[in-house]
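A.B. asks: I am attaching a structure below and will ask some questions about it afterwards.
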Amino acid sequence: MSARDFKATLRLPEGAFSMKADLAKREPQWLDRWNKAGLYRAMLARPTEKKFVFHDGPPYANGNLHYGHVLNNTLKDFVTRFRSILGEQVKFIPGWDCHGLPIEQNVERALGPKMRELTPMQRRARCRDEAQKWVDAQSEQRQRLGMLGTWDHPYLTMQPAFEGRVLEALAAFVERGIVYRGLKPVWWSSAERTALAESELEYEDDHRSPSVYVRFRGEASVAERLRKRFPTMREGSPVSAVIWTTTPWTLPANRALAVHPELEYVLLERSKRDGTVEYLLVAEPLAKSVIAACGWSTPELLPRTMHGAEKAFLGEELAGLVFQHPFEDRTAPIVHADYVESTAGTGIVHTAPGHGRDDYNTGVKYGLEVYSPVDDAGEFTDELGPVAKSWGIVGKHVFDANPVISAKLEELGALCNADGAFIVHRYPISWRSKKPLLTRATVQWFIAMDEKMASGARPGKTLREVALEEIDRLAKEGSLADAEGVEARGWVPAWGRERIHGMIAARPDWCISRQRAWGVPIPALHCDRCGHPNLSVALVKHVAKLFASKGADAWYDESASVVPEGFCCEKCGATDRFTRDASILDVWFESGSSFYAVCAGDPDLGFPCDLYLEGSDQHRGWFHSSLLVGIATHGHAPYKTVATAGFVGEKVQVTQDDGKVKTKLKALAKRDIEEKRQRGEDVSVYDPQKIIAVDGAEILRLWVASNDYTDDIGLSKAAFDQVKESYRSIRNVLRFLLQVVRGEVVETVAEVGSALQPIDRWQYQKLVALVSRCETAYRHYDFRAVVAAVSEFLSDASGFYLDVSKDWLYNDYKSDRVRSTLAVCDATVRSIAVILAPILPFTTEDVWDHLPRRAGDPSSVHLCTWPKLSVEHDSSLEDAVRAVRVLRDRVNLALEPLVSAWGAEKKAAQQEKRAPGDDEAKWPESARIDHARDADVVATVTKDEATLVAPLKDVLAECLLLGAVTVNVHDGAPSVRVVRGAKAACVRCRRRIRDVEDASGLCGRCTRAVARWDAEHPAPAAG
RNA sequence: GGGCCCAUAGCUCAACGGGUUAGAGCGCCUGGCUUAUAACCGGGAGGUUCCGGGUUCGGGUCCCGGUGGGCCUACCA
């Protein structure tokens, strides 16, 4: 008779939850299912008192999603989902920024010269289609990431209702009296023929600019005055100020020379080959470099020492000197400016108020003309001076005119250095065309940062003042809230405050007009009689209403009545004819108004918003413009918390000088990636769509969650491999827990009640702590702490609690300790599914699908609420487990060499084709230990240790994974004696327990278990 | 040039207001199990906490100065 196979009597793990996730294939199926079931609608429909107003910063509707979007959108979804699971209503309305230059240019490129033939209305229609195309594409890609949102009802900045609200926001600024029209230099893109906002600039690292040093000949009075100071100056020899510029094209617009009043200047005496002498004025600290740059050989140069040691003099002494323009018949007076540096150039700055912000300010101070003879295309106009005009550069692009001007300067003897010299430096370029920009004075609409506001919530204060106060208020409310243990408020991370503060403090007036067609028009009416540009509150509000119903296209529709009834020119009172302003609003004004258009009026949302979350570049962009708009409309910031993410870069290995290899972060450059591709390297890691297609969005989400998003994040294959690995390990433990529960409705911890065993109670305590820790971490937007805590918890459970419990889970039959452990396993898998649901929405749903439903369980894990667990904390259990683990380490230390040695012997015997342990003297029975469960251990412990371990004494052998254990209490050095159990291993549980019966081969526990099993499973009638 | 920030093990991150021998997870090496098995368990190696000063009884942590990196910014005129 063969031995009975007891396998059927065991409670082994089982279940259909697959080890392989197959995410790439299954994620779309879940998405489809959720959509069909209306999951997000169901989430929003749950009755709740609390709302969380989370406002989406609109991505620009141009191009596919890149890593920055992935990072940002994933983080947003963590928040949406977490807040929902907390039981709050989070209506996330995804938005898109649809107007602006890049879209207009996509269309232009596709259409070519035909674009010019279209009316503004037709052009706008094309742009609308283009924007919609990308909105649709990005919407799909964002949804594919698993993002929750009202995808059927997004907000688009090109929707009429939105456009109307934008103008209402503009009306608020007008009402505050801080919108003005002025002639100021702005960054100008000649390629796009428009002014650009600060946030639309990009910088090119290796930009090449001409570098010219130019003489400005002093008037006769200059030499006279200087000779009073320097009597040895030769009479009749020319005196010149030397300037340096990288923009020779701005020289025609020169109106002054600026010096620093406190900088020291010297006069150089230069003997020329023809025997004549010239004098050159430069700053002392720069004299050397100027001499070098101009190639004046040293013998020709004589520093002039005057009045003893006093050879230098201060810039302030130069006041009143007047120099001649190098080619036009005009003068350039010396002015003072404290931005003049002593680190580059000559210390004398060529000043063209029409072509630079500093120059402009200096011009205002000294009453200089703001002169800018350059048109929209960046070409010189016939406003040029007669000499420059005679060079044939009218109609020439300023950058193309540079060499002409240099050559002419050389001809005129005004050029000090060699023609063709250049420097390589960083220079602003257009974000779209990548063409270099110029600074050009044009008439634009501005919002004043430093004008006192005439009305609103904070009259008498300037926009800048209130903005700075608001920044501090958020920071302060944040720290207060933090101290009370409430979620993070204000700036996350805290240094965001410094960043935006610095930016607001230093920014110039906001230039809000753009000379383009694709946007929201500035609804100003220019009086045909007197030319006055009218922009009144009533007018703006009137047009706002028009736009809200007909869209901004109405501005370009001659039949639309943009003039309000009874309207007359503010200046001359004319009522007959007006011309519509041709500018559109800066797109940052539009997106900055999004809270006003989307949240402020929605009963499901509100104002201010709880959270804005974007990349840290938005301190200059959206956070910044939203703050300013919020102050105009409501008198305060439109958000309570601003969280920022860093940037995604590429991880590169760098060998340091000391030979050590370090990994550094490099900005993701398309150029670099393209090079790699051409070299045949695998570049799939740089394309998030590829990761999704191969590994699944869940992997991207976990990657985001396990990084410190406030810092820059490095991209590498190794990092993704690691994320995949940690995903597997999380999934496997969850899988095992599911297999333990086996799809059965087990008792809850509460139902088990007093039958809860000490070790289960200990594990449950840990779970309760985990739940609470994760909640805090989520509230502080610290997602990696959630992942870290859960990973550590699961890893520990796998290594200790679950490993240990297997003994009774498999082998007991319906014992109290099985009930107890099952209850804890069930609570664990349920809680962790909910905890991880915001980060891993697909996997946790998979887990939820494999759990049996209890009454009241929702159909989806995403309709669950945050776990509410509680247990009275018993620290003696922690002490007990700690002590047991110390003991376990000690036992393992003794056991390990024995198991290893016997293992080696078995292996050797197999190779030598002999029976293992045939040398009986060397391998007595007691030394043949295959596994810890064969061991019978006698451990001597101290009294203290025994007391600590006491709560777990009933499961001590199991905790140590041993066949049997005996504990001797004896104060002194602890010791461990290990032998193989004397009896045979139990045929069912395979432990060498001391009470194994020879007849049945079963130990006592298994005998009872089998008896109960047999009683409940009557054998089928023998056939 | 200016502002803000970052630097701890191969990777991703910990280490309360300065306080034992700097930890975890993953990877790596290695042993075991074959009742979580393309899984699981044990053991091990691996760090001059970027460098140099300073304050302190004591520095990964605070201060100063470098180096490297990132974002933002600036008419290098």
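Residues in the structure tokens are numbered from 1 in each chain, the chains being A, B, ... in the order shown, and ligands are numbered from 1 in the order shown.
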Which residues come within 12 Å of Lys20 of chain A, counting only C-alpha atoms (C1' of nucleotides), excluding same-chain residues fewer than 4 positions away, as a PyMOL selection string?

C.D. replies: (chain A and resi 16+24-26+695+724+727-729+731-732+735+843+846) or (chain B and resi 38-39)

A.B. asks: Report the residues of segment 232-346 of chain A whose backbone DSSP state falls under strand (DSSP E), written as a count of residues only.

C.D. replies: 40

A.B. asks: Taking only C-alpha atoms (C1' of nucleotides) into account, which residues of chain B are within 9 Å of chain A, as number ranges by chain?

C.D. replies: B: 1, 3-6, 11-13, 24-27, 31-33, 35-36, 39-43, 68-73, 75-77

A.B. asks: Could you pull the residues within 6 Å of segment 113-129 of chain A, counting only C-alpha atoms (C1' of nucleotides), minus those fewer than 5 positions along the same chain, as a list in words?

C.D. replies: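 These residues fall inside the cut-off: Glu104, Glu108 and Trp518 of chain A.
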
A.B. asks: Can you write just those residues out, N, CA and C atoms, as an mmCIF file, in the first residue's frame?

C.D. replies:
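Contents of result.cif, as written:
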data_model
loop_
_atom_site.group_PDB
_atom_site.id
_atom_site.type_symbol
_atom_site.label_atom_id
_atom_site.label_comp_id
_atom_site.auth_asym_id
_atom_site.auth_seq_id
_atom_site.Cartn_x
_atom_site.Cartn_y
_atom_site.Cartn_z
ATOM 1 N N GLU A 104 0.215 78.875 -35.098
ATOM 2 C CA GLU A 104 0.112 79.693 -36.289
ATOM 3 C C GLU A 104 1.229 79.334 -37.269
ATOM 4 N N GLU A 108 1.328 77.987 -41.089
ATOM 5 C CA GLU A 108 2.061 78.744 -42.092
ATOM 6 C C GLU A 108 2.990 77.834 -42.888
ATOM 7 N N TRP A 518 -3.621 84.764 -34.392
ATOM 8 C CA TRP A 518 -4.233 83.630 -33.709
ATOM 9 C C TRP A 518 -4.222 83.823 -32.188
#

A.B. asks: With only C-alpha atoms (C1' of nucleotides) as the counted atoms, please give the residues lying no more than 9 Å from Ser455 of chain A, apart from itself and same-chain residues fewer than 6 positions off, as a ChimeraX atom specification.

C.D. replies: /A:175-177

A.B. asks: Kindly export the residues of the current selection with C-alpha atoms, as a CSV table (one decimal), in the first residue's frame.

C.D. replies:
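File again.csv, as written:
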chain,number,residue,atom,x,y,z
A,175,GLU,CA,-10.4,99.0,-14.1
A,176,ARG,CA,-7.4,99.1,-11.8
A,177,GLY,CA,-5.9,101.7,-14.1

A.B. asks: Residues within 12 Å of A9 of chain B, please, as a list in words. Count only C-alpha atoms (C1' of nucleotides); anything in the same chain fewer than 5 positions from it doesn't count.

C.D. replies: A22, G23, A24, C26, G27, C28, A45, G46, G47 and U49 of chain B

A.B. asks: Could you please determine the separation between atom C1' of G66 of chain B and atom C1' of G53 of chain B in Å, to one decimal place?

C.D. replies: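 Interatomic distance here is 10.1 Å.
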
A.B. asks: State, in Å with one decimal place, the distance from atom CA of Arg464 of chain A to atom CA of Ser626 of chain A.

C.D. replies: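 Between atom CA of Arg464 of chain A and atom CA of Ser626 of chain A the gap is 13.3 Å.
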
A.B. asks: Can you tell me how far atom CA of Pro841 of chain A sits from atom CA of Gly146 of chain A, in Å to one decimal?

C.D. replies: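 Separation between atom CA of Pro841 of chain A and atom CA of Gly146 of chain A: 7.3 Å.
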
A.B. asks: Excluding Glu744 of chain A and residues on its chain fewer than 3 positions from it, collect all residues at most 12 Å away from it, counting only C-alpha atoms (C1' of nucleotides), and give them as an MDAnalysis selection string.

C.D. replies: chainID A and resid 13:15 737:741 747:748 819 822:823 825:826 850:854

A.B. asks: Please produce an output containing N, CA and C atoms for each residue in the selection, written as a PDB file, in the first residue's frame.

C.D. replies:
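The resulting part.pdb:
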ATOM      1  N   PRO A  13      -1.671  27.854  -1.534  1.00  0.00           N
ATOM      2  CA  PRO A  13      -2.069  29.085  -2.216  1.00  0.00           C
ATOM      3  C   PRO A  13      -2.589  28.791  -3.618  1.00  0.00           C
ATOM      4  N   GLU A  14      -3.630  29.476  -3.985  1.00  0.00           N
ATOM      5  CA  GLU A  14      -4.126  29.306  -5.343  1.00  0.00           C
ATOM      6  C   GLU A  14      -4.908  30.545  -5.768  1.00  0.00           C
ATOM      7  N   GLY A  15      -4.964  30.729  -7.065  1.00  0.00           N
ATOM      8  CA  GLY A  15      -5.697  31.876  -7.580  1.00  0.00           C
ATOM      9  C   GLY A  15      -5.256  32.205  -8.983  1.00  0.00           C
ATOM     10  N   LEU A 737      -0.516  37.180  -1.426  1.00  0.00           N
ATOM     11  CA  LEU A 737      -1.589  37.479  -0.484  1.00  0.00           C
ATOM     12  C   LEU A 737      -2.936  37.056  -1.056  1.00  0.00           C
ATOM     13  N   LEU A 738      -3.133  37.350  -2.338  1.00  0.00           N
ATOM     14  CA  LEU A 738      -4.382  36.936  -2.981  1.00  0.00           C
ATOM     15  C   LEU A 738      -4.512  35.413  -2.989  1.00  0.00           C
ATOM     16  N   GLN A 739      -3.390  34.746  -3.226  1.00  0.00           N
ATOM     17  CA  GLN A 739      -3.417  33.290  -3.272  1.00  0.00           C
ATOM     18  C   GLN A 739      -3.693  32.696  -1.901  1.00  0.00           C
ATOM     19  N   VAL A 740      -3.250  33.385  -0.883  1.00  0.00           N
ATOM     20  CA  VAL A 740      -3.506  32.923   0.475  1.00  0.00           C
ATOM     21  C   VAL A 740      -5.000  33.045   0.779  1.00  0.00           C
ATOM     22  N   VAL A 741      -5.561  34.178   0.371  1.00  0.00           N
ATOM     23  CA  VAL A 741      -6.991  34.392   0.616  1.00  0.00           C
ATOM     24  C   VAL A 741      -7.834  33.468  -0.287  1.00  0.00           C
ATOM     25  N   GLU A 747     -12.973  36.010   7.331  1.00  0.00           N
ATOM     26  CA  GLU A 747     -13.404  36.901   8.412  1.00  0.00           C
ATOM     27  C   GLU A 747     -12.577  38.179   8.424  1.00  0.00           C
ATOM     28  N   THR A 748     -13.173  39.250   8.899  1.00  0.00           N
ATOM     29  CA  THR A 748     -12.398  40.470   9.081  1.00  0.00           C
ATOM     30  C   THR A 748     -11.671  40.383  10.421  1.00  0.00           C
ATOM     31  N   ARG A 819      -7.576  31.402  10.862  1.00  0.00           N
ATOM     32  CA  ARG A 819      -8.588  32.480  10.788  1.00  0.00           C
ATOM     33  C   ARG A 819      -7.921  33.826  10.999  1.00  0.00           C
ATOM     34  N   LEU A 822      -5.521  34.788   8.097  1.00  0.00           N
ATOM     35  CA  LEU A 822      -6.278  35.107   6.886  1.00  0.00           C
ATOM     36  C   LEU A 822      -6.908  36.488   6.991  1.00  0.00           C
ATOM     37  N   ALA A 823      -7.408  36.808   8.160  1.00  0.00           N
ATOM     38  CA  ALA A 823      -8.032  38.121   8.346  1.00  0.00           C
ATOM     39  C   ALA A 823      -7.011  39.232   8.102  1.00  0.00           C
ATOM     40  N   CYS A 825      -4.165  38.965   6.352  1.00  0.00           N
ATOM     41  CA  CYS A 825      -3.770  38.971   4.939  1.00  0.00           C
ATOM     42  C   CYS A 825      -4.823  39.669   4.096  1.00  0.00           C
ATOM     43  N   ASP A 826      -6.059  39.401   4.380  1.00  0.00           N
ATOM     44  CA  ASP A 826      -7.151  40.033   3.646  1.00  0.00           C
ATOM     45  C   ASP A 826      -7.129  41.546   3.845  1.00  0.00           C
ATOM     46  N   HIS A 850      -9.606  40.270  -8.201  1.00  0.00           N
ATOM     47  CA  HIS A 850      -9.343  38.916  -7.707  1.00  0.00           C
ATOM     48  C   HIS A 850      -9.690  38.746  -6.243  1.00  0.00           C
ATOM     49  N   LEU A 851     -10.251  39.795  -5.652  1.00  0.00           N
ATOM     50  CA  LEU A 851     -10.697  39.682  -4.264  1.00  0.00           C
ATOM     51  C   LEU A 851     -12.189  39.389  -4.263  1.00  0.00           C
ATOM     52  N   PRO A 852     -12.626  38.540  -3.347  1.00  0.00           N
ATOM     53  CA  PRO A 852     -14.069  38.308  -3.282  1.00  0.00           C
ATOM     54  C   PRO A 852     -14.758  39.558  -2.752  1.00  0.00           C
ATOM     55  N   ARG A 853     -15.968  39.810  -3.192  1.00  0.00           N
ATOM     56  CA  ARG A 853     -16.700  40.992  -2.746  1.00  0.00           C
ATOM     57  C   ARG A 853     -17.395  40.728  -1.418  1.00  0.00           C
ATOM     58  N   ARG A 854     -17.250  41.664  -0.536  1.00  0.00           N
ATOM     59  CA  ARG A 854     -18.054  41.646   0.678  1.00  0.00           C
ATOM     60  C   ARG A 854     -19.228  42.578   0.451  1.00  0.00           C
TER      61      ARG A 854
END

A.B. asks: Taking 5 positions as the minimum chain separation for residues in the same chain, which residues sit within 8 Å of Val398 of chain A when counting only C-alpha atoms (C1' of nucleotides)? Answer as a VMD selection string.

C.D. replies: chain A and resid 249 374 378 to 380

A.B. asks: I need the residues from that last selection saved to file as a tab-separated table (two decimals), in the first residue's frame (with C-alpha atoms), if you can.

C.D. replies:
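Here's the written file out.tsv:
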chain	number	residue	atom	x	y	z
A	249	TRP	CA	23.25	97.40	-36.32
A	374	VAL	CA	13.67	98.99	-37.78
A	378	GLY	CA	13.72	93.38	-38.66
A	379	GLU	CA	14.69	95.48	-41.67
A	380	PHE	CA	15.98	99.03	-41.58
